[in-house]
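Enquirer: Structure file input37.pdb (PDB, C-alpha atoms, pLDDT in the B column) right here:
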```pdb
MODEL        1
ATOM      1  CA  MET L 284       6.457 -20.236 -50.908  1.00 47.00           C
ATOM      2  CA  SER L 285       5.775 -16.545 -51.211  1.00 48.00           C
ATOM      3  CA  LEU L 286       3.606 -15.002 -53.867  1.00 47.00           C
ATOM      4  CA  ALA L 287       6.596 -13.102 -55.260  1.00 46.00           C
ATOM      5  CA  LEU L 288       8.579 -16.320 -55.740  1.00 46.00           C
ATOM      6  CA  ARG L 289       5.664 -18.178 -57.286  1.00 50.00           C
ATOM      7  CA  LYS L 290       5.074 -15.417 -59.815  1.00 49.00           C
ATOM      8  CA  GLY L 291       8.790 -14.940 -60.426  1.00 48.00           C
ATOM      9  CA  LEU L 292       8.654 -11.345 -59.241  1.00 47.00           C
ATOM     10  CA  PRO L 293      11.550  -9.722 -57.381  1.00 48.00           C
ATOM     11  CA  SER L 294      10.922  -9.152 -53.664  1.00 48.00           C
ATOM     12  CA  ALA L 295      12.960  -7.727 -50.789  1.00 46.00           C
ATOM     13  CA  THR L 296      13.865 -11.179 -49.509  1.00 46.00           C
ATOM     14  CA  SER L 297      14.010 -13.161 -52.680  1.00 44.00           C
ATOM     15  CA  ALA L 298      16.395 -10.634 -54.201  1.00 44.00           C
ATOM     16  CA  HIS L 299      19.050 -12.042 -51.839  1.00 47.00           C
ATOM     17  CA  GLY L 300      20.027 -15.513 -52.846  1.00 48.00           C
ATOM     18  CA  ALA L 301      20.521 -16.758 -49.318  1.00 50.00           C
ATOM     19  CA  ASN L 302      17.098 -15.533 -48.220  1.00 51.00           C
ATOM     20  CA  ALA L 303      15.219 -16.963 -51.157  1.00 47.00           C
ATOM     21  CA  GLY L 304      11.994 -18.543 -50.016  1.00 49.00           C
ATOM     22  CA  VAL L 305      11.896 -16.667 -46.711  1.00 54.00           C
ATOM     23  CA  TRP L 306       8.442 -15.435 -45.771  1.00 53.00           C
ATOM     24  CA  ASP L 307       7.793 -11.913 -47.009  1.00 57.00           C
ATOM     25  CA  PRO L 308       6.475  -9.609 -44.302  1.00 56.00           C
ATOM     26  CA  PRO L 309       3.020  -8.217 -45.064  1.00 55.00           C
ATOM     27  CA  PRO L 310       2.970  -4.629 -46.234  1.00 56.00           C
ATOM     28  CA  ARG L 311       2.258  -2.080 -43.539  1.00 54.00           C
ATOM     29  CA  ASP L 312      -0.897  -0.135 -44.050  1.00 56.00           C
ATOM     30  CA  GLY L 313       0.323   2.801 -41.996  1.00 54.00           C
ATOM     31  CA  LEU L 314      -1.810   2.039 -38.935  1.00 54.00           C
ATOM     32  CA  ILE L 315       0.819   0.037 -37.070  1.00 57.00           C
ATOM     33  CA  PRO L 316       4.061   2.007 -36.795  1.00 57.00           C
ATOM     34  CA  ALA L 317       7.301   0.140 -37.301  1.00 59.00           C
ATOM     35  CA  VAL L 318       9.853  -0.021 -34.508  1.00 59.00           C
ATOM     36  CA  GLY L 319      12.049   2.539 -36.158  1.00 58.00           C
ATOM     37  CA  ASP L 320       9.161   4.785 -37.080  1.00 56.00           C
ATOM     38  CA  VAL L 321       9.996   8.418 -36.364  1.00 54.00           C
ATOM     39  CA  ARG L 322       6.409   9.084 -35.395  1.00 55.00           C
ATOM     40  CA  LEU L 323       6.600   6.485 -32.614  1.00 54.00           C
ATOM     41  CA  LEU L 324       9.954   7.654 -31.294  1.00 52.00           C
ATOM     42  CA  ASN L 325       8.992  11.324 -31.210  1.00 57.00           C
ATOM     43  CA  ASP L 326       5.551  10.909 -29.681  1.00 62.00           C
ATOM     44  CA  HIS L 327       6.654  12.185 -26.262  1.00 64.00           C
ATOM     45  CA  GLN L 328       3.338  13.883 -25.632  1.00 67.00           C
ATOM     46  CA  HIS L 329       1.572  10.564 -25.976  1.00 66.00           C
ATOM     47  CA  LEU L 330       4.076   8.868 -23.648  1.00 64.00           C
ATOM     48  CA  LEU L 331       3.722  11.652 -21.064  1.00 68.00           C
ATOM     49  CA  GLU L 332      -0.024  11.210 -21.189  1.00 68.00           C
ATOM     50  CA  ILE L 333       0.384   7.492 -20.504  1.00 64.00           C
ATOM     51  CA  VAL L 334       2.674   8.213 -17.536  1.00 65.00           C
ATOM     52  CA  ARG L 335       0.255  10.796 -16.134  1.00 67.00           C
ATOM     53  CA  THR L 336      -2.746   8.502 -16.350  1.00 68.00           C
ATOM     54  CA  HIS L 337      -0.841   5.681 -14.675  1.00 67.00           C
ATOM     55  CA  GLU L 338       0.747   7.868 -12.011  1.00 69.00           C
ATOM     56  CA  LYS L 339      -0.346   6.639  -8.590  1.00 72.00           C
ATOM     57  CA  ASN L 340      -1.378   8.794  -5.702  1.00 78.00           C
ATOM     58  CA  PRO L 341       1.036   7.987  -2.820  1.00 79.00           C
ATOM     59  CA  VAL L 342      -1.776   8.027  -0.252  1.00 81.00           C
ATOM     60  CA  ASP L 343      -3.816   5.572  -2.302  1.00 80.00           C
ATOM     61  CA  GLU L 344      -0.709   3.472  -2.751  1.00 82.00           C
ATOM     62  CA  LEU L 345      -0.143   3.354   1.029  1.00 85.00           C
ATOM     63  CA  ARG L 346      -3.783   2.400   1.526  1.00 83.00           C
ATOM     64  CA  ARG L 347      -3.352  -0.378  -0.997  1.00 83.00           C
ATOM     65  CA  LEU L 348      -0.123  -1.682   0.504  1.00 86.00           C
ATOM     66  CA  TYR L 349      -0.936  -1.628   4.207  1.00 88.00           C
ATOM     67  CA  PRO L 350      -3.784  -3.141   6.253  1.00 89.00           C
ATOM     68  CA  PRO L 351      -6.324  -0.915   8.055  1.00 88.00           C
ATOM     69  CA  LEU L 352      -4.729  -1.493  11.442  1.00 90.00           C
ATOM     70  CA  LEU L 353      -0.961  -1.338  11.619  1.00 92.00           C
ATOM     71  CA  THR L 354       1.547  -2.790  14.013  1.00 93.00           C
ATOM     72  CA  THR L 355       4.580  -0.867  15.210  1.00 94.00           C
ATOM     73  CA  ALA L 356       6.679  -2.750  12.651  1.00 94.00           C
ATOM     74  CA  HIS L 357       4.318  -1.696   9.861  1.00 93.00           C
ATOM     75  CA  VAL L 358       4.559   1.950  10.888  1.00 93.00           C
ATOM     76  CA  ALA L 359       8.349   1.732  11.186  1.00 93.00           C
ATOM     77  CA  GLU L 360       8.503   0.319   7.675  1.00 91.00           C
ATOM     78  CA  MET L 361       6.113   2.940   6.367  1.00 88.00           C
ATOM     79  CA  MET L 362       8.099   5.761   7.953  1.00 87.00           C
ATOM     80  CA  HIS L 363      11.478   4.281   7.042  1.00 88.00           C
ATOM     81  CA  SER L 364      12.480   4.381  10.689  1.00 90.00           C
ATOM     82  CA  THR L 365      12.902   1.926  13.543  1.00 94.00           C
ATOM     83  CA  ILE L 366      10.401   0.438  15.968  1.00 94.00           C
ATOM     84  CA  GLY L 367      12.059   2.409  18.767  1.00 94.00           C
ATOM     85  CA  ASP L 368      11.559   5.660  16.889  1.00 93.00           C
ATOM     86  CA  VAL L 369       7.889   4.831  16.402  1.00 93.00           C
ATOM     87  CA  ARG L 370       7.462   4.141  20.124  1.00 93.00           C
ATOM     88  CA  ASP L 371       9.203   7.434  20.904  1.00 92.00           C
ATOM     89  CA  LYS L 372       6.792   9.244  18.614  1.00 91.00           C
ATOM     90  CA  VAL L 373       3.881   7.617  20.419  1.00 92.00           C
ATOM     91  CA  HIS L 374       5.263   8.692  23.795  1.00 91.00           C
ATOM     92  CA  ARG L 375       5.772  12.222  22.482  1.00 90.00           C
ATOM     93  CA  ARG L 376       2.129  12.240  21.261  1.00 88.00           C
ATOM     94  CA  GLU L 377       3.241  12.781  17.685  1.00 89.00           C
ATOM     95  CA  LEU L 378       1.552   9.579  16.575  1.00 90.00           C
ATOM     96  CA  PRO L 379      -1.908   8.520  17.817  1.00 90.00           C
ATOM     97  CA  ALA L 380      -1.885   4.881  18.888  1.00 91.00           C
ATOM     98  CA  LEU L 381      -4.266   2.269  20.238  1.00 90.00           C
ATOM     99  CA  ARG L 382      -3.413  -0.077  23.044  1.00 87.00           C
ATOM    100  CA  TRP L 383      -3.642  -3.774  22.194  1.00 83.00           C
ATOM    101  CA  GLY L 384      -2.544  -5.564  25.340  1.00 82.00           C
ATOM    102  CA  GLN L 385       1.090  -4.676  25.740  1.00 86.00           C
ATOM    103  CA  GLN L 386       1.409  -3.724  22.092  1.00 89.00           C
ATOM    104  CA  TYR L 387       0.386  -0.766  19.997  1.00 91.00           C
ATOM    105  CA  ARG L 388      -1.874  -0.664  17.000  1.00 92.00           C
ATOM    106  CA  PHE L 389      -2.307   2.277  14.657  1.00 92.00           C
ATOM    107  CA  PHE L 390      -5.087   3.323  12.345  1.00 90.00           C
ATOM    108  CA  ARG L 391      -3.568   3.416   8.884  1.00 89.00           C
ATOM    109  CA  ASP L 392      -5.205   6.710   7.977  1.00 87.00           C
ATOM    110  CA  GLU L 393      -4.064   8.398  11.171  1.00 87.00           C
ATOM    111  CA  VAL L 394      -0.485   7.382  10.375  1.00 90.00           C
ATOM    112  CA  ILE L 395      -0.842   8.660   6.806  1.00 88.00           C
ATOM    113  CA  ASP L 396      -2.275  11.878   8.228  1.00 86.00           C
ATOM    114  CA  ALA L 397       0.667  12.182  10.627  1.00 86.00           C
ATOM    115  CA  LEU L 398       3.100  11.522   7.787  1.00 84.00           C
ATOM    116  CA  SER L 399       1.521  14.168   5.604  1.00 82.00           C
ATOM    117  CA  ARG L 400       1.798  16.716   8.417  1.00 79.00           C
ATOM    118  CA  VAL L 401       5.570  16.251   8.700  1.00 72.00           C
ATOM    119  CA  GLU L 402       7.346  19.303   7.355  1.00 68.00           C
ATOM    120  CA  PRO L 403      10.386  18.730   5.166  1.00 64.00           C
ATOM    121  CA  ASP L 404      13.680  19.276   6.916  1.00 63.00           C
ATOM    122  CA  ASN L 405      15.521  22.059   5.143  1.00 60.00           C
ATOM    123  CA  ASP L 406      18.709  21.693   7.150  1.00 57.00           C
ATOM    124  CA  GLU L 407      21.739  20.485   5.306  1.00 53.00           C
ATOM    125  CA  GLU L 408      22.577  16.902   5.905  1.00 53.00           C
ATOM    126  CA  THR L 409      25.311  16.433   8.459  1.00 52.00           C
ATOM    127  CA  PRO L 410      27.739  13.570   8.192  1.00 53.00           C
ATOM    128  CA  ASP L 411      27.129  10.575  10.440  1.00 54.00           C
ATOM    129  CA  HIS L 412      30.459  10.919  12.209  1.00 53.00           C
ATOM    130  CA  PRO L 413      31.602  14.522  11.901  1.00 52.00           C
ATOM    131  CA  GLU L 414      34.214  14.046  14.574  1.00 53.00           C
ATOM    132  CA  ARG L 415      35.912  11.251  12.684  1.00 51.00           C
ATOM    133  CA  ASP L 416      39.209  12.235  11.079  1.00 50.00           C
ATOM    134  CA  GLU L 417      39.555  11.405   7.426  1.00 49.00           C
ATOM    135  CA  THR L 418      43.113  10.185   7.563  1.00 46.00           C
TER
ATOM    136  CA  MET V 119     -11.802   9.950  12.136  1.00 51.00           C
ATOM    137  CA  ARG V 120     -10.793  13.159  13.883  1.00 48.00           C
ATOM    138  CA  GLY V 121     -14.258  13.991  15.070  1.00 47.00           C
ATOM    139  CA  GLY V 122     -14.831  10.494  16.387  1.00 53.00           C
ATOM    140  CA  THR V 123     -16.752   9.375  13.316  1.00 63.00           C
ATOM    141  CA  ILE V 124     -15.246   7.035  10.768  1.00 65.00           C
ATOM    142  CA  ASP V 125     -16.373   6.840   7.185  1.00 68.00           C
ATOM    143  CA  TYR V 126     -15.838   3.098   6.946  1.00 69.00           C
ATOM    144  CA  GLU V 127     -16.864   2.705   3.344  1.00 67.00           C
ATOM    145  CA  ARG V 128     -14.465   5.411   2.276  1.00 64.00           C
ATOM    146  CA  TRP V 129     -11.451   4.714   4.444  1.00 66.00           C
ATOM    147  CA  TYR V 130     -11.761   1.009   5.175  1.00 76.00           C
ATOM    148  CA  PRO V 131     -13.702  -0.512   2.307  1.00 77.00           C
ATOM    149  CA  GLU V 132     -11.741  -3.754   2.678  1.00 80.00           C
ATOM    150  CA  VAL V 133     -13.096  -4.328   6.196  1.00 85.00           C
ATOM    151  CA  PRO V 134     -16.472  -6.097   6.035  1.00 88.00           C
ATOM    152  CA  ALA V 135     -19.334  -4.756   8.133  1.00 88.00           C
ATOM    153  CA  VAL V 136     -19.593  -8.075   9.984  1.00 92.00           C
ATOM    154  CA  LEU V 137     -16.440 -10.054  10.757  1.00 92.00           C
ATOM    155  CA  ASP V 138     -15.842 -13.565  11.967  1.00 92.00           C
ATOM    156  CA  THR V 139     -13.097 -14.521  14.415  1.00 94.00           C
ATOM    157  CA  LYS V 140     -10.510 -15.193  11.756  1.00 93.00           C
ATOM    158  CA  GLN V 141     -11.158 -11.917   9.955  1.00 92.00           C
ATOM    159  CA  LEU V 142     -10.900  -9.978  13.215  1.00 93.00           C
ATOM    160  CA  ALA V 143      -7.649 -11.764  14.076  1.00 93.00           C
ATOM    161  CA  VAL V 144      -6.209 -10.777  10.706  1.00 91.00           C
ATOM    162  CA  LEU V 145      -7.433  -7.208  11.128  1.00 90.00           C
ATOM    163  CA  LEU V 146      -5.819  -6.905  14.551  1.00 90.00           C
ATOM    164  CA  ASN V 147      -2.632  -8.723  13.550  1.00 89.00           C
ATOM    165  CA  THR V 148      -3.137 -11.364  16.186  1.00 90.00           C
ATOM    166  CA  ASN V 149      -4.430 -14.933  16.323  1.00 92.00           C
ATOM    167  CA  GLU V 150      -7.869 -16.415  16.836  1.00 93.00           C
ATOM    168  CA  GLN V 151      -7.095 -17.839  20.287  1.00 95.00           C
ATOM    169  CA  ILE V 152      -6.314 -14.383  21.652  1.00 93.00           C
ATOM    170  CA  VAL V 153      -9.490 -12.955  20.106  1.00 93.00           C
ATOM    171  CA  ARG V 154     -11.595 -15.754  21.661  1.00 93.00           C
ATOM    172  CA  ALA V 155      -9.885 -15.289  25.027  1.00 94.00           C
ATOM    173  CA  TRP V 156     -10.562 -11.557  24.991  1.00 91.00           C
ATOM    174  CA  VAL V 157     -14.173 -12.176  24.041  1.00 93.00           C
ATOM    175  CA  TRP V 158     -14.446 -14.675  26.921  1.00 92.00           C
ATOM    176  CA  GLU V 159     -13.094 -12.014  29.270  1.00 92.00           C
ATOM    177  CA  GLY V 160     -15.620  -9.537  27.916  1.00 91.00           C
ATOM    178  CA  ILE V 161     -13.013  -7.179  26.527  1.00 90.00           C
ATOM    179  CA  ILE V 162     -13.955  -7.315  22.855  1.00 91.00           C
ATOM    180  CA  PRO V 163     -17.591  -6.574  21.895  1.00 92.00           C
ATOM    181  CA  ALA V 164     -18.921  -9.707  20.197  1.00 93.00           C
ATOM    182  CA  HIS V 165     -22.124 -11.419  19.173  1.00 93.00           C
ATOM    183  CA  ARG V 166     -23.070 -15.046  18.693  1.00 91.00           C
ATOM    184  CA  THR V 167     -24.294 -16.248  15.302  1.00 86.00           C
ATOM    185  CA  PRO V 168     -27.806 -17.780  15.264  1.00 85.00           C
ATOM    186  CA  GLY V 169     -26.284 -21.248  15.638  1.00 83.00           C
ATOM    187  CA  GLY V 170     -24.779 -20.103  18.916  1.00 82.00           C
ATOM    188  CA  ARG V 171     -21.328 -21.520  18.225  1.00 86.00           C
ATOM    189  CA  LYS V 172     -19.537 -18.965  16.107  1.00 90.00           C
ATOM    190  CA  LEU V 173     -18.709 -15.394  16.995  1.00 93.00           C
ATOM    191  CA  ALA V 174     -19.583 -12.360  14.936  1.00 94.00           C
ATOM    192  CA  PHE V 175     -18.091  -8.912  15.301  1.00 94.00           C
ATOM    193  CA  LEU V 176     -19.606  -5.708  14.038  1.00 92.00           C
ATOM    194  CA  ARG V 177     -17.126  -3.413  12.365  1.00 89.00           C
ATOM    195  CA  HIS V 178     -18.419  -0.216  13.903  1.00 88.00           C
ATOM    196  CA  GLU V 179     -18.385  -1.756  17.404  1.00 90.00           C
ATOM    197  CA  ILE V 180     -14.800  -2.943  16.954  1.00 90.00           C
ATOM    198  CA  PHE V 181     -13.607   0.434  15.721  1.00 87.00           C
ATOM    199  CA  GLU V 182     -15.449   2.256  18.495  1.00 87.00           C
ATOM    200  CA  TRP V 183     -13.927  -0.105  21.044  1.00 89.00           C
ATOM    201  CA  LEU V 184     -10.462   0.500  19.592  1.00 86.00           C
ATOM    202  CA  LEU V 185     -10.966   4.260  19.674  1.00 84.00           C
ATOM    203  CA  ALA V 186     -12.156   4.013  23.265  1.00 85.00           C
ATOM    204  CA  ASN V 187      -8.895   2.247  24.096  1.00 82.00           C
ATOM    205  CA  ARG V 188      -6.724   4.929  22.612  1.00 86.00           C
ATOM    206  CA  TYR V 189      -3.316   5.083  24.206  1.00 86.00           C
ATOM    207  CA  GLN V 190      -2.788   8.111  26.398  1.00 83.00           C
ATOM    208  CA  PRO V 191       0.899   8.622  27.110  1.00 80.00           C
ATOM    209  CA  ASP V 192       2.024   9.706  30.527  1.00 75.00           C
ATOM    210  CA  PRO V 193       2.148  13.530  30.467  1.00 70.00           C
ATOM    211  CA  ASP V 194       5.308  13.435  32.596  1.00 65.00           C
ATOM    212  CA  HIS V 195       7.081  11.342  30.001  1.00 58.00           C
ATOM    213  CA  THR V 196      10.204  13.008  28.710  1.00 52.00           C
ATOM    214  CA  SER V 197      12.239  11.401  25.999  1.00 47.00           C
TER
ENDMDL
END
```
Would you give me this structure, written as structure tokens?
Expert:
Amino acid sequence: MSLALRKGLPSATSAHGANAGVWDPPPRDGLIPAVGDVRLLNDHQHLLEIVRTHEKNPVDELRRLYPPLLTTAHVAEMMHSTIGDVRDKVHRRELPALRWGQQYRFFRDEVIDALSRVEPDNDEETPDHPERDET
Amino acid sequence: MRGGTIDYERWYPEVPAVLDTKQLAVLLNTNEQIVRAWVWEGIIPAHRTPGGRKLAFLRHEIFEWLLANRYQPDPDHTS
């Protein structure tokens, strides 16, 4: 039983007949903001600071996600392309590779370096099938 | 890396300085049998542990060997 009920004092919960005897929440001392607290909702600067501190460097993220030596499939996944495209890049000397038997291996940091050297394509995107009639 | 020197501790801190067969197989995305076969053929630089049974691989030797086996595409290749 709450202190308010025992002493016969009116409280927020005991004032309602149906809620009589329900545990009274402890008073807030101002340190912990309530869910609807305006201060919490409007503290964008604080939220931005949290996002900035937790923002991950993409290069570090790639180093974390991929092993030191990559297969062709790894590189294709990293570059969002196909294994054939990766092999073409190797043949065109755009991507330094190591020979492992009949397969290729790639140093992770050389691939990241090659990725960072790629210039963004400023051309407008062309449709996949421009010749197709839209009928 | 570019100049032929690799800062292992900076770029590959997860690769131990001395590897066993299993660790090298994982590093090279292959299996232990292939690693042992290539050691037997003298392709991969390897050392024997003091017991004489297990193989040990030095990180810098492995990376130097890999760099020495860099793929050189055919200059006449046209894609």
Enquirer: Give me, as a Markdown table, the closest atom pair and its distance (Å, one decimal) for every residue of chain V within a cut-off of 6 Å of chain L, counting all atoms listed in the file, rows sorted by chain and rising number.
Expert:
```
| residue | atom | partner | partner_atom | distance |
| --- | --- | --- | --- | --- |
| V:Arg188 | CA | L:Leu381 | CA | 4.3 |
| V:Tyr189 | CA | L:Leu381 | CA | 5.0 |
| V:Pro191 | CA | L:His374 | CA | 5.5 |
```
Enquirer: To verify the selection step, state as a list in words which residues the PyMOL selection byres ((chain V and resi 159-176) around 7) yields on this input.
Expert: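 Taken over the shown coordinates, the PyMOL selection byres ((chain V and resi 159-176) around 7) returns Ala135, Val136, Leu137, Asp138, Thr139, Ala155, Trp156, Val157, Trp158, Arg177, His178, Glu179 and Ile180 of chain V.
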Enquirer: So how many Å separate atom CA of Tyr130 of chain V and atom CA of Gln386 of chain L, to one decimal?
Expert: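 Separating atom CA of Tyr130 of chain V from atom CA of Gln386 of chain L is a distance of 22.0 Å.
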Enquirer: Work out how far apart atom CA of Val394 of chain L and atom CA of Ala359 of chain L are and give it in Å to one decimal.
Expert: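 Interatomic distance, atom CA of Val394 of chain L to atom CA of Ala359 of chain L: 10.5 Å.
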Enquirer: Measure the distance from atom CA of Arg400 of chain L to atom CA of Leu378 of chain L in Å and round it to one decimal.
Expert: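 It comes out at 10.8 Å.
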Enquirer: Given the choices L:Ala356, L:Leu348, L:Ala397, L:Ile366, which gets closest to Asn147 of chain V if the distance is worked out from all atoms listed in the file?
Expert: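 Using all atoms listed in the file, the shortest distance to Asn147 of chain V belongs to L:Ala356.
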Enquirer: Between L:Ile395, L:Asp343, L:Arg370, L:Gly384, which has the minimum distance to Leu184 of chain V (counting all atoms listed in the file)?
Expert: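 With all atoms listed in the file as the atom set, the closest residue is L:Gly384.
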Enquirer: Using all atoms listed in the file for the distances, tell me which of V:Pro193, V:Leu142, V:Glu132, V:Ala186 is nearest to Arg154 of chain V.
Expert: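 The shortest atom-to-atom distance to Arg154 of chain V comes from V:Leu142.
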